[in-house]
$ cat upload19.cif   # mmCIF, C-alpha atoms
data_my_file
loop_
_atom_site.group_PDB
_atom_site.id
_atom_site.type_symbol
_atom_site.label_atom_id
_atom_site.label_comp_id
_atom_site.auth_asym_id
_atom_site.auth_seq_id
_atom_site.Cartn_x
_atom_site.Cartn_y
_atom_site.Cartn_z
ATOM 1 C CA MET A 203 89.024 135.654 -33.286
ATOM 2 C CA LYS A 204 91.630 132.866 -33.372
ATOM 3 C CA ASP A 205 89.403 130.816 -35.695
ATOM 4 C CA GLU A 206 88.728 133.801 -37.922
ATOM 5 C CA LEU A 207 92.459 134.425 -38.144
ATOM 6 C CA GLN A 208 93.057 130.768 -39.004
ATOM 7 C CA ASN A 209 90.352 130.873 -41.653
ATOM 8 C CA TYR A 210 91.763 134.105 -43.036
ATOM 9 C CA MET A 211 95.202 132.553 -43.289
ATOM 10 C CA GLY A 212 93.698 129.729 -45.342
ATOM 11 C CA ARG A 213 92.633 132.142 -48.087
ATOM 12 C CA PRO A 214 95.892 132.062 -50.077
ATOM 13 C CA LYS A 215 95.539 128.288 -50.461
ATOM 14 C CA ARG A 216 92.070 128.720 -51.888
ATOM 15 C CA TYR A 217 93.378 131.530 -54.110
ATOM 16 C CA ASN A 218 95.578 129.010 -55.908
ATOM 17 C CA ASN A 219 92.479 127.523 -57.539
ATOM 18 C CA ILE A 220 90.553 130.777 -57.974
ATOM 19 C CA ASP A 221 91.024 130.426 -61.742
ATOM 20 C CA GLY A 222 90.303 126.674 -61.890
ATOM 21 C CA THR A 223 93.856 125.757 -62.924
ATOM 22 C CA GLY A 224 94.090 123.082 -60.215
ATOM 23 C CA GLU A 225 91.008 121.305 -61.518
ATOM 24 C CA MET A 226 92.008 121.671 -65.157
ATOM 25 C CA GLY A 227 95.449 120.268 -64.360
ATOM 26 C CA MET A 228 93.856 117.272 -62.702
ATOM 27 C CA GLY A 229 91.505 116.876 -65.671
ATOM 28 C CA ILE A 230 94.429 116.805 -68.119
ATOM 29 C CA PHE A 231 96.246 114.362 -65.832
ATOM 30 C CA LEU A 232 93.304 111.944 -65.855
ATOM 31 C CA LEU A 233 92.626 112.339 -69.581
ATOM 32 C CA SER A 234 96.258 111.539 -70.316
ATOM 33 C CA PHE A 235 96.048 108.378 -68.221
ATOM 34 C CA ALA A 236 92.842 107.449 -70.027
ATOM 35 C CA LEU A 237 94.605 107.959 -73.374
ATOM 36 C CA LEU A 238 97.635 105.899 -72.308
ATOM 37 C CA ASN A 239 95.377 103.109 -71.071
ATOM 38 C CA TYR A 240 93.330 103.232 -74.266
ATOM 39 C CA LEU A 241 96.510 102.962 -76.341
ATOM 40 C CA GLN A 242 97.410 99.837 -74.379
ATOM 41 C CA THR A 243 94.143 98.215 -75.370
ATOM 42 C CA ALA A 244 93.991 99.585 -78.911
ATOM 43 C CA LEU A 245 97.519 98.632 -79.983
ATOM 44 C CA PRO A 246 97.897 95.204 -81.657
ATOM 45 C CA ALA A 247 98.764 92.430 -79.174
ATOM 46 C CA LYS A 248 102.155 91.828 -80.818
ATOM 47 C CA SER A 249 103.142 95.510 -80.945
ATOM 48 C CA MET A 250 106.467 96.284 -79.239
ATOM 49 C CA TRP A 251 104.818 99.237 -77.488
ATOM 50 C CA ARG A 252 102.698 96.873 -75.417
ATOM 51 C CA HIS A 253 105.603 94.990 -73.846
ATOM 52 C CA GLY A 254 108.790 95.486 -71.857
ATOM 53 C CA PHE A 255 111.040 98.514 -72.164
ATOM 54 C CA ALA A 256 109.166 100.146 -75.067
ATOM 55 C CA ASN A 257 105.960 99.997 -73.059
ATOM 56 C CA MET A 258 107.637 101.638 -70.093
ATOM 57 C CA LEU A 259 109.188 104.262 -72.397
ATOM 58 C CA LEU A 260 105.787 105.071 -73.876
ATOM 59 C CA PHE A 261 104.309 105.438 -70.389
ATOM 60 C CA PHE A 262 107.049 107.725 -69.069
ATOM 61 C CA ALA A 263 107.078 109.835 -72.239
ATOM 62 C CA GLY A 264 103.316 110.224 -71.881
ATOM 63 C CA VAL A 265 103.600 111.210 -68.216
ATOM 64 C CA LEU A 266 106.389 113.739 -68.945
ATOM 65 C CA LEU A 267 104.422 115.258 -71.809
ATOM 66 C CA MET A 268 101.339 115.494 -69.595
ATOM 67 C CA LEU A 269 103.232 117.146 -66.716
ATOM 68 C CA GLY A 270 104.832 119.597 -69.125
ATOM 69 C CA LEU A 271 101.450 120.458 -70.597
ATOM 70 C CA ILE A 272 99.886 120.967 -67.153
ATOM 71 C CA LEU A 273 102.742 123.235 -66.024
ATOM 72 C CA TRP A 274 102.661 125.217 -69.252
ATOM 73 C CA ILE A 275 98.877 125.758 -69.205
ATOM 74 C CA THR A 276 98.848 126.636 -65.491
ATOM 75 C CA LYS A 277 101.705 129.110 -65.846
ATOM 76 C CA ALA A 278 100.185 130.696 -68.957
ATOM 77 C CA ILE A 279 96.785 131.216 -67.254
ATOM 78 C CA LYS A 280 98.372 132.579 -64.078
ATOM 79 C CA LYS A 281 100.728 134.893 -65.971
ATOM 80 C CA HIS A 282 98.274 136.306 -68.512
ATOM 81 C CA ILE A 283 94.952 136.169 -66.640
ATOM 82 C CA THR A 284 95.170 135.702 -62.862
ATOM 83 C CA TRP A 285 98.213 137.702 -61.736
ATOM 84 C CA PRO A 286 97.359 140.852 -63.723
ATOM 85 C CA ARG A 287 93.747 140.764 -62.439
ATOM 86 C CA THR A 288 93.934 139.800 -58.776
ATOM 87 C CA GLY A 289 97.620 139.636 -57.956
ATOM 88 C CA TYR A 290 100.629 137.389 -57.732
ATOM 89 C CA VAL A 291 101.292 134.924 -54.906
ATOM 90 C CA ALA A 292 104.164 132.498 -54.324
ATOM 91 C CA PHE A 293 103.219 129.750 -51.905
ATOM 92 C CA ARG A 294 105.163 128.284 -49.027
ATOM 93 C CA ARG A 295 105.627 124.544 -49.012
ATOM 94 C CA SER A 296 104.598 123.101 -45.658
ATOM 95 C CA GLY A 297 104.846 119.476 -44.569
ATOM 96 C CA LYS A 298 101.981 119.810 -42.117
ATOM 97 C CA SER A 299 99.048 117.541 -42.836
ATOM 98 C CA SER A 300 95.519 118.677 -42.374
ATOM 99 C CA TRP A 301 93.764 116.342 -39.943
ATOM 100 C CA LYS A 302 90.447 117.887 -40.847
ATOM 101 C CA ALA A 303 90.875 116.901 -44.487
ATOM 102 C CA ILE A 304 92.002 113.392 -43.524
ATOM 103 C CA ALA A 305 88.971 112.941 -41.263
ATOM 104 C CA PHE A 306 86.712 114.276 -43.987
ATOM 105 C CA ALA A 307 88.265 111.889 -46.502
ATOM 106 C CA ALA A 308 87.877 108.962 -44.105
ATOM 107 C CA VAL A 309 84.209 109.702 -43.379
ATOM 108 C CA GLY A 310 83.435 110.394 -47.045
ATOM 109 C CA GLY A 311 85.313 107.314 -48.191
ATOM 110 C CA ALA A 312 83.673 105.058 -45.598
ATOM 111 C CA GLY A 313 80.235 106.430 -46.489
ATOM 112 C CA SER A 314 80.813 105.826 -50.166
ATOM 113 C CA VAL A 315 82.121 102.307 -49.549
ATOM 114 C CA CYS A 316 78.971 101.546 -47.499
ATOM 115 C CA LEU A 317 76.795 102.818 -50.325
ATOM 116 C CA PHE A 318 78.602 100.858 -52.985
ATOM 117 C CA GLU A 319 78.895 97.780 -50.745
ATOM 118 C CA LEU A 320 75.120 97.813 -50.667
ATOM 119 C CA ALA A 321 75.171 97.670 -54.451
ATOM 120 C CA ALA A 322 77.735 94.878 -54.328
ATOM 121 C CA ARG A 323 75.378 92.771 -52.242
ATOM 122 C CA HIS A 324 73.010 92.910 -55.151
ATOM 123 C CA ASN A 325 75.852 91.683 -57.388
ATOM 124 C CA ALA A 326 76.070 95.009 -59.167
ATOM 125 C CA MET A 327 79.818 95.346 -58.472
ATOM 126 C CA ASN A 328 82.534 93.911 -56.278
ATOM 127 C CA LEU A 329 84.261 95.519 -53.291
ATOM 128 C CA ALA A 330 87.400 96.448 -55.216
ATOM 129 C CA GLU A 331 85.344 98.432 -57.703
ATOM 130 C CA ALA A 332 83.430 100.038 -54.857
ATOM 131 C CA VAL A 333 86.646 101.222 -53.177
ATOM 132 C CA TYR A 334 88.004 102.438 -56.518
ATOM 133 C CA LEU A 335 84.848 104.412 -57.141
ATOM 134 C CA ALA A 336 84.860 105.891 -53.637
ATOM 135 C CA VAL A 337 88.462 107.040 -54.059
ATOM 136 C CA LEU A 338 87.717 108.702 -57.404
ATOM 137 C CA VAL A 339 84.695 110.607 -56.133
ATOM 138 C CA GLY A 340 86.259 111.275 -52.701
ATOM 139 C CA ALA A 341 89.328 112.915 -54.281
ATOM 140 C CA TYR A 342 87.178 115.483 -56.072
ATOM 141 C CA ALA A 343 85.038 116.069 -52.961
ATOM 142 C CA ILE A 344 88.149 116.714 -50.830
ATOM 143 C CA PHE A 345 89.510 119.093 -53.433
ATOM 144 C CA ILE A 346 86.257 121.075 -53.479
ATOM 145 C CA TYR A 347 86.078 121.141 -49.687
ATOM 146 C CA ARG A 348 89.626 122.432 -49.331
ATOM 147 C CA PHE A 349 90.091 124.765 -52.278
ATOM 148 C CA SER A 350 86.788 125.724 -53.812
ATOM 149 C CA ARG A 351 84.303 126.394 -51.016
ATOM 150 C CA GLU A 352 83.139 129.627 -52.605
ATOM 151 C CA HIS A 353 81.460 127.610 -55.394
ATOM 152 C CA PRO A 354 78.690 125.574 -53.710
ATOM 153 C CA TRP A 355 77.430 124.379 -57.114
ATOM 154 C CA LYS A 356 80.454 122.101 -57.270
ATOM 155 C CA TRP A 357 78.819 119.786 -54.764
ATOM 156 C CA LEU A 358 76.269 119.060 -57.513
ATOM 157 C CA VAL A 359 79.209 118.079 -59.716
ATOM 158 C CA VAL A 360 80.313 115.639 -56.977
ATOM 159 C CA ILE A 361 76.842 114.063 -57.058
ATOM 160 C CA PHE A 362 76.847 114.020 -60.868
ATOM 161 C CA MET A 363 80.262 112.368 -60.857
ATOM 162 C CA ALA A 364 79.210 109.722 -58.318
ATOM 163 C CA LEU A 365 75.970 108.967 -60.170
ATOM 164 C CA GLY A 366 77.772 108.861 -63.530
ATOM 165 C CA LEU A 367 80.371 106.378 -62.324
ATOM 166 C CA PHE A 368 77.723 104.404 -60.475
ATOM 167 C CA ALA A 369 75.562 104.200 -63.623
ATOM 168 C CA MET A 370 78.590 103.105 -65.659
ATOM 169 C CA THR A 371 79.286 100.200 -63.325
ATOM 170 C CA LEU A 372 75.644 99.202 -63.370
ATOM 171 C CA ILE A 373 75.464 99.201 -67.173
ATOM 172 C CA VAL A 374 78.829 97.491 -67.714
ATOM 173 C CA PRO A 375 79.590 95.712 -64.405
ATOM 174 C CA SER A 376 83.325 95.145 -64.945
ATOM 175 C CA ILE A 377 84.089 98.472 -66.649
ATOM 176 C CA LEU A 378 86.227 99.835 -63.790
ATOM 177 C CA MET A 379 88.566 96.871 -63.773
ATOM 178 C CA GLU A 380 88.703 95.781 -67.396
ATOM 179 C CA SER A 381 88.597 98.986 -69.392
ATOM 180 C CA TRP A 382 89.225 101.703 -66.859
ATOM 181 C CA TRP A 383 90.157 104.226 -69.521
ATOM 182 C CA PHE A 384 86.469 104.938 -70.061
ATOM 183 C CA PRO A 385 85.569 105.936 -66.457
ATOM 184 C CA MET A 386 88.903 107.787 -66.341
ATOM 185 C CA LEU A 387 87.896 109.682 -69.486
ATOM 186 C CA PHE A 388 84.570 110.606 -67.883
ATOM 187 C CA PHE A 389 86.255 111.608 -64.647
ATOM 188 C CA GLY A 390 88.915 113.701 -66.455
ATOM 189 C CA LEU A 391 86.286 115.491 -68.546
ATOM 190 C CA VAL A 392 84.280 116.364 -65.421
ATOM 191 C CA TRP A 393 87.391 117.809 -63.693
ATOM 192 C CA LEU A 394 88.294 119.737 -66.838
ATOM 193 C CA ALA A 395 84.767 121.100 -67.271
ATOM 194 C CA SER A 396 84.593 122.067 -63.601
ATOM 195 C CA GLY A 397 87.913 123.931 -63.902
ATOM 196 C CA GLY A 398 86.816 125.554 -67.157
ATOM 197 C CA ALA A 399 83.602 126.787 -65.524
ATOM 198 C CA THR A 400 85.631 128.188 -62.605
ATOM 199 C CA LEU A 401 87.915 130.049 -65.024
ATOM 200 C CA TYR A 402 84.924 131.425 -66.937
ATOM 201 C CA LEU A 403 83.289 132.670 -63.713
ATOM 202 C CA TYR A 404 86.581 134.153 -62.530
ATOM 203 C CA ILE A 405 87.047 136.123 -65.762
ATOM 204 C CA ARG A 406 83.424 137.299 -65.650
ATOM 205 C CA HIS A 407 83.659 138.507 -62.067
ATOM 206 C CA THR A 408 87.046 140.225 -62.123
ATOM 207 C CA GLN A 409 88.173 143.396 -63.804
ATOM 208 C CA PRO A 410 90.681 143.352 -66.662
ATOM 209 C CA PRO A 411 94.167 144.457 -65.590
ATOM 210 C CA ASP A 412 94.683 148.103 -64.744
ATOM 211 C CA PRO A 413 98.142 149.335 -65.874
ATOM 212 C CA GLU A 414 98.297 151.656 -62.879
ATOM 213 C CA ALA A 415 97.206 149.062 -60.336
ATOM 214 C CA GLU A 416 100.264 149.656 -58.208
ATOM 215 C CA MET B 214 97.495 141.923 -12.916
ATOM 216 C CA ASN B 215 96.103 138.523 -13.820
ATOM 217 C CA GLU B 216 97.579 136.387 -16.621
ATOM 218 C CA GLN B 217 94.850 137.155 -19.155
ATOM 219 C CA LEU B 218 95.165 140.916 -18.740
ATOM 220 C CA ARG B 219 98.940 140.663 -18.909
ATOM 221 C CA ALA B 220 98.666 138.652 -22.147
ATOM 222 C CA ILE B 221 96.365 141.287 -23.649
ATOM 223 C CA SER B 222 98.577 144.184 -22.614
ATOM 224 C CA GLU B 223 101.638 142.466 -24.059
ATOM 225 C CA LEU B 224 100.132 141.997 -27.531
ATOM 226 C CA ASP B 225 102.276 143.592 -30.241
ATOM 227 C CA ARG B 226 100.523 146.883 -31.072
ATOM 228 C CA VAL B 227 102.069 147.125 -34.521
ATOM 229 C CA ILE B 228 100.399 143.862 -35.512
ATOM 230 C CA HIS B 229 97.260 144.278 -33.395
ATOM 231 C CA GLU B 230 95.756 147.044 -35.542
ATOM 232 C CA PRO B 231 93.057 145.267 -37.695
ATOM 233 C CA GLY B 232 94.372 146.417 -41.073
ATOM 234 C CA ARG B 233 97.944 145.407 -40.270
ATOM 235 C CA LEU B 234 96.760 142.136 -38.714
ATOM 236 C CA MET B 235 95.054 141.222 -42.009
ATOM 237 C CA ILE B 236 98.225 142.049 -43.931
ATOM 238 C CA VAL B 237 100.558 140.139 -41.612
ATOM 239 C CA ALA B 238 98.210 137.112 -41.420
ATOM 240 C CA MET B 239 98.060 136.997 -45.195
ATOM 241 C CA LEU B 240 101.816 137.381 -45.613
ATOM 242 C CA ALA B 241 102.448 134.712 -42.967
ATOM 243 C CA ALA B 242 100.559 132.194 -45.093
ATOM 244 C CA VAL B 243 102.564 132.813 -48.280
ATOM 245 C CA LYS B 244 106.193 133.028 -49.364
ATOM 246 C CA GLU B 245 105.642 136.352 -51.101
ATOM 247 C CA CYS B 246 102.885 138.224 -52.890
ATOM 248 C CA ASP B 247 102.358 141.512 -54.664
ATOM 249 C CA PHE B 248 100.547 144.695 -53.701
ATOM 250 C CA LEU B 249 97.605 143.906 -55.999
ATOM 251 C CA TYR B 250 96.954 140.591 -54.260
ATOM 252 C CA LEU B 251 96.880 142.235 -50.823
ATOM 253 C CA LEU B 252 94.634 144.978 -52.181
ATOM 254 C CA HIS B 253 92.246 142.310 -53.467
ATOM 255 C CA GLU B 254 92.295 140.119 -50.353
ATOM 256 C CA THR B 255 92.218 142.775 -47.618
ATOM 257 C CA GLU B 256 89.775 145.097 -49.423
ATOM 258 C CA LEU B 257 91.658 148.110 -48.035
ATOM 259 C CA ASN B 258 92.143 151.113 -50.302
ATOM 260 C CA LYS B 259 95.544 151.829 -51.857
ATOM 261 C CA GLY B 260 96.354 154.647 -49.450
ATOM 262 C CA ASN B 261 95.532 152.664 -46.320
ATOM 263 C CA LEU B 262 97.366 149.610 -47.561
ATOM 264 C CA SER B 263 100.467 151.660 -48.416
ATOM 265 C CA GLY B 264 100.352 153.355 -44.995
ATOM 266 C CA HIS B 265 100.104 150.059 -43.120
ATOM 267 C CA LEU B 266 102.878 148.515 -45.214
ATOM 268 C CA ALA B 267 105.136 151.495 -44.519
ATOM 269 C CA ARG B 268 104.503 151.073 -40.774
ATOM 270 C CA LEU B 269 105.266 147.343 -40.964
ATOM 271 C CA GLU B 270 108.416 147.973 -42.982
ATOM 272 C CA GLU B 271 109.520 150.554 -40.420
ATOM 273 C CA ALA B 272 109.054 147.965 -37.663
ATOM 274 C CA GLY B 273 111.190 145.537 -39.666
ATOM 275 C CA TYR B 274 108.336 143.065 -40.156
ATOM 276 C CA VAL B 275 107.853 143.379 -43.902
ATOM 277 C CA GLU B 276 110.303 143.506 -46.791
ATOM 278 C CA ILE B 277 109.192 145.538 -49.813
ATOM 279 C CA GLU B 278 110.797 145.021 -53.206
ATOM 280 C CA LYS B 279 109.990 147.236 -56.191
ATOM 281 C CA THR B 280 110.318 145.364 -59.455
ATOM 282 C CA TYR B 281 108.713 144.999 -62.906
ATOM 283 C CA ARG B 282 106.450 142.369 -64.463
ATOM 284 C CA GLY B 283 107.210 143.003 -68.112
ATOM 285 C CA LYS B 284 106.724 146.760 -68.381
ATOM 286 C CA VAL B 285 104.288 146.986 -65.469
ATOM 287 C CA PRO B 286 105.660 147.998 -62.065
ATOM 288 C CA GLN B 287 105.189 145.361 -59.388
ATOM 289 C CA THR B 288 105.647 145.659 -55.620
ATOM 290 C CA LEU B 289 106.622 142.371 -54.022
ATOM 291 C CA LEU B 290 105.997 141.909 -50.315
ATOM 292 C CA ARG B 291 107.229 139.300 -47.891
ATOM 293 C CA LEU B 292 107.369 138.860 -44.134
ATOM 294 C CA THR B 293 110.859 139.105 -42.646
ATOM 295 C CA ARG B 294 112.139 136.590 -40.102
ATOM 296 C CA ALA B 295 111.451 139.149 -37.358
ATOM 297 C CA GLY B 296 107.948 139.657 -38.724
ATOM 298 C CA ARG B 297 107.218 135.942 -38.721
ATOM 299 C CA ALA B 298 108.530 135.592 -35.165
ATOM 300 C CA ALA B 299 106.481 138.592 -34.022
ATOM 301 C CA PHE B 300 103.341 137.150 -35.612
ATOM 302 C CA ASP B 301 103.921 133.740 -33.972
ATOM 303 C CA GLN B 302 104.374 135.526 -30.648
ATOM 304 C CA TYR B 303 101.220 137.553 -31.277
ATOM 305 C CA ARG B 304 99.200 134.381 -31.962
ATOM 306 C CA LYS B 305 100.506 132.794 -28.768
ATOM 307 C CA GLY B 306 99.560 135.934 -26.845
ATOM 308 C CA LEU B 307 96.098 135.902 -28.370
ATOM 309 C CA LYS B 308 95.653 132.255 -27.418
ATOM 310 C CA ALA B 309 96.683 133.007 -23.841
ATOM 311 C CA ALA B 310 94.369 136.022 -23.639
ATOM 312 C CA PHE B 311 91.243 134.200 -24.843
#

$ encode --input "upload19.cif" --output "structure tokens"
Amino acid sequence: MKDELQNYMGRPKRYNNIDGTGEMGMGIFLLSFALLNYLQTALPAKSMWRHGFANMLLFFAGVLLMLGLILWITKAIKKHITWPRTGYVAFRRSGKSSWKAIAFAAVGGAGSVCLFELAARHNAMNLAEAVYLAVLVGAYAIFIYRFSREHPWKWLVVIFMALGLFAMTLIVPSILMESWWFPMLFFGLVWLASGGATLYLYIRHTQPPDPEAE
Amino acid sequence: MNEQLRAISELDRVIHEPGRLMIVAMLAAVKECDFLYLLHETELNKGNLSGHLARLEEAGYVEIEKTYRGKVPQTLLRLTRAGRAAFDQYRKGLKAAF
């Protein structure tokens, strides 16, 4: 009964991503970083935007714009779609860490590093790239484990993501280190698509708002 | 009376009822939520949910605020300090009993 109660109390946390806004926010975050990194490589070498203060200004402006966009989209979806359909929730901020999630991340990360280390032995990639790859895939896996357990198909997305990044590093061995905007673009698109699919399923499986709901 | 039986007999009866336990457990995990959210999460009907909320409000465990979201009425619900303390005590009692 204690465990059931604990599990029940975890439902509001999962509710936060019931509409896929968490994943879409992360997708936009990664796509923005990909765009900023691409701009760095695409701008002429002598451009002022590639050096010093102007470069920093461009980066911070990009980050602020991205955060604003994420907040705006999330709030708009919650306000016009989620809250009228399945209710409004304001969350408590707790400093407690979840040891389960940390252990899961450690095991997942170590497993991924082992897998990619095996590839490194065959000169397919170096250890730094392997760790980088493990972190990218592990972050999505942890997110799914914690907030989106009711969608088991997302574990296929984890596999797709891992295989996609793995294939990228096999085709262009130094892609993660030299032009990381491309894997970041792939990663951001997968997060965004996963969130979009969650939102679509949510809308399909919930009733439109009832004016007399209360 | 042994310790386990004592712990069971001392469980808060207002919270111990299954419907109210679901409501309090849900409210304990959030800052505040509305009636529609509880309706969706607990799968109780409107009448039962209203009845349980009235009982919890009477016990001083839940604060109910009637407001509007645009032109739509909205009922905001949150656990009071007494409610949170009672729920913590209830969980401790449950742990001791089992």

$ atom_distance --input "upload19.cif" --atom1 "atom CA of B:Ala299" --atom2 "atom CA of A:Tyr210"
17.8 Å

$ interface_residues --input "upload19.cif" --of "chain B" --to "chain A" --cutoff "9 Å" --atoms "all atoms listed in the file" --output "number ranges by chain"
B: 234-235, 238-254, 259, 285-289, 304, 307-308, 311

$ atom_distance --input "upload19.cif" --atom1 "atom CA of B:Gly273" --atom2 "atom CA of B:Gln217"
27.5 Å

$ atom_distance --input "upload19.cif" --atom1 "atom CA of A:Val339" --atom2 "atom CA of A:Ile361"
8.6 Å

$ residues_around --input "upload19.cif" --residues "stretch 252-266 of chain A" --least-positions-apart "2" --cutoff "10 Å" --atoms "all atoms listed in the file" --output "list in words"
Phe231, Ser234, Phe235, Leu237, Leu238, Asn239, Leu241, Gln242, Thr243, Ala244, Leu245, Pro246, Ala247, Lys248, Ser249, Met250, Met268, Leu269, Gly270, Leu271 and Ile272 of chain A

$ axis_aligned_box --input "upload19.cif" --around "stretch 260-265 of chain B" --padding-each-side "4 Å" --output "JSON"
{"center_x": 98.0, "center_y": 152.1, "center_z": -46.3, "size_x": 12.9, "size_y": 13.0, "size_z": 14.3}

$ resolve_selection --input "upload19.cif" --expression "the PyMOL selection byres ((chain B and resi 277) around 6)" --output "number ranges by chain"
B: 276, 278, 289-290

$ resolve_selection --input "upload19.cif" --expression "the PyMOL selection byres ((chain B and resi 233) around 12)" --output "JSON, numbers by chain"
{"B": [225, 226, 227, 228, 229, 230, 231, 232, 234, 235, 236, 237, 238, 239, 240, 241, 251, 255, 257, 261, 262, 263, 264, 265, 266, 267, 268, 269, 270, 272, 274, 275, 296, 300]}

$ residues_around --input "upload19.cif" --residues "B:Leu218" --least-positions-apart "2" --cutoff "12 Å" --atoms "all atoms listed in the file" --output "NGL selection string"
:B and (214-216 or 220-224 or 306-307 or 309-311)

$ resolve_selection --input "upload19.cif" --expression "the PyMOL selection byres ((chain A and resi 383-392) around 12)" --output "ChimeraX atom specification"
/A:225-244,331,334-335,337-342,356,358-371,374,376-382,393-399
